[in-house]
Amino acid sequence: MVFFDRNFKEIFISQLVSITGGLIVGTILASYTDKLLLIPGMLILLPGFLEMRGNISGSLASRLSSGLFLKVINPRRVNSRIIKGNVLASLFLAIFISFMLGILACVFTYIFSHVYYPKIILVPVIAGIIANMIEIPLTIFFTLFFFRKGHDPNNIMGPFVTSTGDVTSVLSLLLVLFII
Amino acid sequence: MNNNHNHKIRISRRHLRIIQGLKRHKAHPLLHHLHKKHKISRKTLFYIKEYGPHTHVSKTIIRESIKILLLASVISSFGGMALESIKAAFIAIMPLVILLPVLNDMIGDYGTIISSRFSTMLHEGKINSHIFSNKEIRKLFAEIFLVAMTTTFLSCVASLIISAKHAFSWITSLKVFLIAFADVAILVSLLFMVAIIAGLYLYKKKEDPNNFLIPITTSIADFGNMIILTLLVILVF
């Protein structure tokens, strides 16, 4: 059985990209433990917040890729109805899901640790808005860019949005905690 | 000839407008007719039904995505609760804090890869009744396991180098390696079992495993990672 074939190399290289992004995020978390992780409920909020970013941006990239391949979206025209609709939907979903994550973190922290910290509801909402302002244009730009260059965005955007999404999410959370 | 061409175009646009008015779950014979007669691909027709002119793009996306996103958030929050319960012990071990997002991303990716590769094997007819003696399945498991162990090793080395200034003992470093390897090994094996059992079940029910396996395995990966990490930290430290 041949192990080190093309499949193995492709999986290995994409995982190296993914773990690089994860290590950057992990280093930021470790450096700002007092600001981030010591906040009540932050460890309840954090996994869901990071995953939400990847889900929303990944789905956005995937829908745009489908539209590009089906020639329903013009890669040189950003101001189209479908792209605008996708942006609005992604923004709404990010704010709504961030709010729900904040509620869950607040409720679970109160029930299990008897600590009432309502600010944890506001933190992901503001951080979600900031992260979206960066991540949505980045996702649209690179999906259209890779398509124009002749690549299949479906193969590239997955690890890309996961890694960049994690970094922007953690930096946004930090920024909000510094402000609040 | 020009009249015939214009007539064909008028028919296509009128029919496309009818398609946009269809309910999402309805499969109208018009779709089959347009696909056969005017050579419009089924995927284009589906995309037009969902996102064409006179549809509300953002409303469609929100309606279809919100439930699964909410479910994923709730599952992740439960996983986060497990970590919150051992917060003091967890954040004291800096390499583990660095490894948390790495392991989350890695295991989620493996869930996606296993699900999509197994679904493809099912569609290609490469899966027979003797699952565990199937050469393709064994090769896939070996590939994923080898990549997983290699990337886990590299991640652990990187996390220990990054946290080097905090001077952990070699025993603590070994425990970090043990936790990471055990976590990844258990989850990769679990994801494989889930993908095989659920994939075969869905395929027998004439469903496309691609639509269900990825959300199932990524949810298990996220939730399972937190729970297993919590248990291993309690056991080892």
# chains A, B, ... in the order shown; residues from 1 in each chain; ligands from 1
>>> residues_around(residues="segment 141-155 of chain A", least_positions_apart="2", cutoff="10 Å", atoms="only C-alpha atoms", output="list in words")
Ser14, Gly58, Leu60, Ala61, Ser62, Arg63, Leu64, Ser65, Ser66, Leu68, Phe69, Ile73, Asn74, Pro75, Arg76, Arg77, Val78, Glu135, Ile136, Pro137, Leu138, Thr139, Met157, Gly158, Pro159, Phe160 and Val161 of chain A
>>> write_last_selection(atoms="C-alpha atoms", output="mmCIF file, in the first residue's frame")
data_model
loop_
_atom_site.group_PDB
_atom_site.id
_atom_site.type_symbol
_atom_site.label_atom_id
_atom_site.label_comp_id
_atom_site.auth_asym_id
_atom_site.auth_seq_id
_atom_site.Cartn_x
_atom_site.Cartn_y
_atom_site.Cartn_z
ATOM 1 C CA SER A 14 -3.597 21.900 3.884
ATOM 2 C CA GLY A 58 -17.029 29.216 4.621
ATOM 3 C CA LEU A 60 -20.344 32.536 1.933
ATOM 4 C CA ALA A 61 -17.265 31.458 -0.048
ATOM 5 C CA SER A 62 -18.992 28.228 -1.095
ATOM 6 C CA ARG A 63 -22.168 29.986 -2.324
ATOM 7 C CA LEU A 64 -20.132 32.547 -4.248
ATOM 8 C CA SER A 65 -18.032 29.740 -5.801
ATOM 9 C CA SER A 66 -21.192 27.928 -6.928
ATOM 10 C CA LEU A 68 -19.245 31.812 -10.214
ATOM 11 C CA PHE A 69 -19.058 28.328 -11.724
ATOM 12 C CA ILE A 73 -22.213 35.742 -10.634
ATOM 13 C CA ASN A 74 -19.863 37.922 -12.675
ATOM 14 C CA PRO A 75 -16.337 37.762 -11.132
ATOM 15 C CA ARG A 76 -15.664 41.378 -12.157
ATOM 16 C CA ARG A 77 -18.896 42.785 -10.705
ATOM 17 C CA VAL A 78 -18.934 42.945 -6.907
ATOM 18 C CA GLU A 135 -13.753 38.913 7.166
ATOM 19 C CA ILE A 136 -16.647 39.426 4.708
ATOM 20 C CA PRO A 137 -14.780 41.751 2.288
ATOM 21 C CA LEU A 138 -11.721 39.485 2.590
ATOM 22 C CA THR A 139 -13.761 36.389 1.717
ATOM 23 C CA MET A 157 -11.073 29.052 0.717
ATOM 24 C CA GLY A 158 -11.866 26.381 3.355
ATOM 25 C CA PRO A 159 -8.544 26.415 5.264
ATOM 26 C CA PHE A 160 -8.080 30.103 4.356
ATOM 27 C CA VAL A 161 -11.319 31.359 5.947
#
>>> interface_residues(of="chain B", to="chain A", cutoff="7 Å", atoms="only C-alpha atoms", output="number ranges by chain")
B: 44, 51, 57-58, 61-62, 70, 73, 76-77, 80-81, 83-84, 94, 97-102, 105-106, 143, 147
>>> write_last_selection(atoms="C-alpha atoms", output="CSV table (one decimal), in the first residue's frame")
chain,number,residue,atom,x,y,z
B,44,THR,CA,-28.3,26.3,-12.5
B,51,TYR,CA,-31.3,33.0,-5.7
B,57,VAL,CA,-31.4,36.3,-1.4
B,58,SER,CA,-30.7,37.2,2.2
B,61,ILE,CA,-29.9,32.2,3.2
B,62,ILE,CA,-31.0,33.2,6.7
B,70,LEU,CA,-27.9,27.8,16.3
B,73,SER,CA,-23.5,27.1,18.7
B,76,SER,CA,-20.0,24.2,21.1
B,77,SER,CA,-21.3,26.0,24.2
B,80,GLY,CA,-17.0,25.0,26.3
B,81,MET,CA,-18.8,24.4,29.6
B,83,LEU,CA,-13.5,23.4,29.7
B,84,GLU,CA,-14.8,26.2,31.9
B,94,MET,CA,0.2,27.3,28.6
B,97,VAL,CA,-4.0,26.9,25.8
B,98,ILE,CA,-1.9,27.3,22.6
B,99,LEU,CA,-3.0,23.8,21.4
B,100,LEU,CA,-6.7,24.4,22.0
B,101,PRO,CA,-7.6,26.2,18.7
B,102,VAL,CA,-5.1,24.0,16.8
B,105,ASP,CA,-9.4,23.2,13.7
B,106,MET,CA,-7.4,20.1,13.0
B,143,GLU,CA,-3.5,8.2,5.6
B,147,VAL,CA,-1.2,12.9,8.9
>>> select_by_dssp(residues="segment 10-235 of chain B", states="helix (DSSP H, G or I)", output="MDAnalysis selection string")
chainID B and resid 10:20 29:37 42:51 57:85 87:92 94:123 131:133 135:162 164:166 170:204 209:235
>>> residues_around(residues="segment 199-210 of chain B", least_positions_apart="4", cutoff="9 Å", atoms="only C-alpha atoms", output="list in words")
Ser115, Ser116, Phe118, Ser119, Thr120, Leu122, His123, Val194, Ala195 and Ile214 of chain B
>>> closest_residue(among="A:Val167, A:Lys35, A:Arg6, A:Ser80", to="Ile140 of chain A", atoms="only C-alpha atoms")
A:Ser80
>>> atom_distance(atom1="atom CA of Tyr117 of chain A", atom2="atom CA of Ile180 of chain A")
12.9 Å
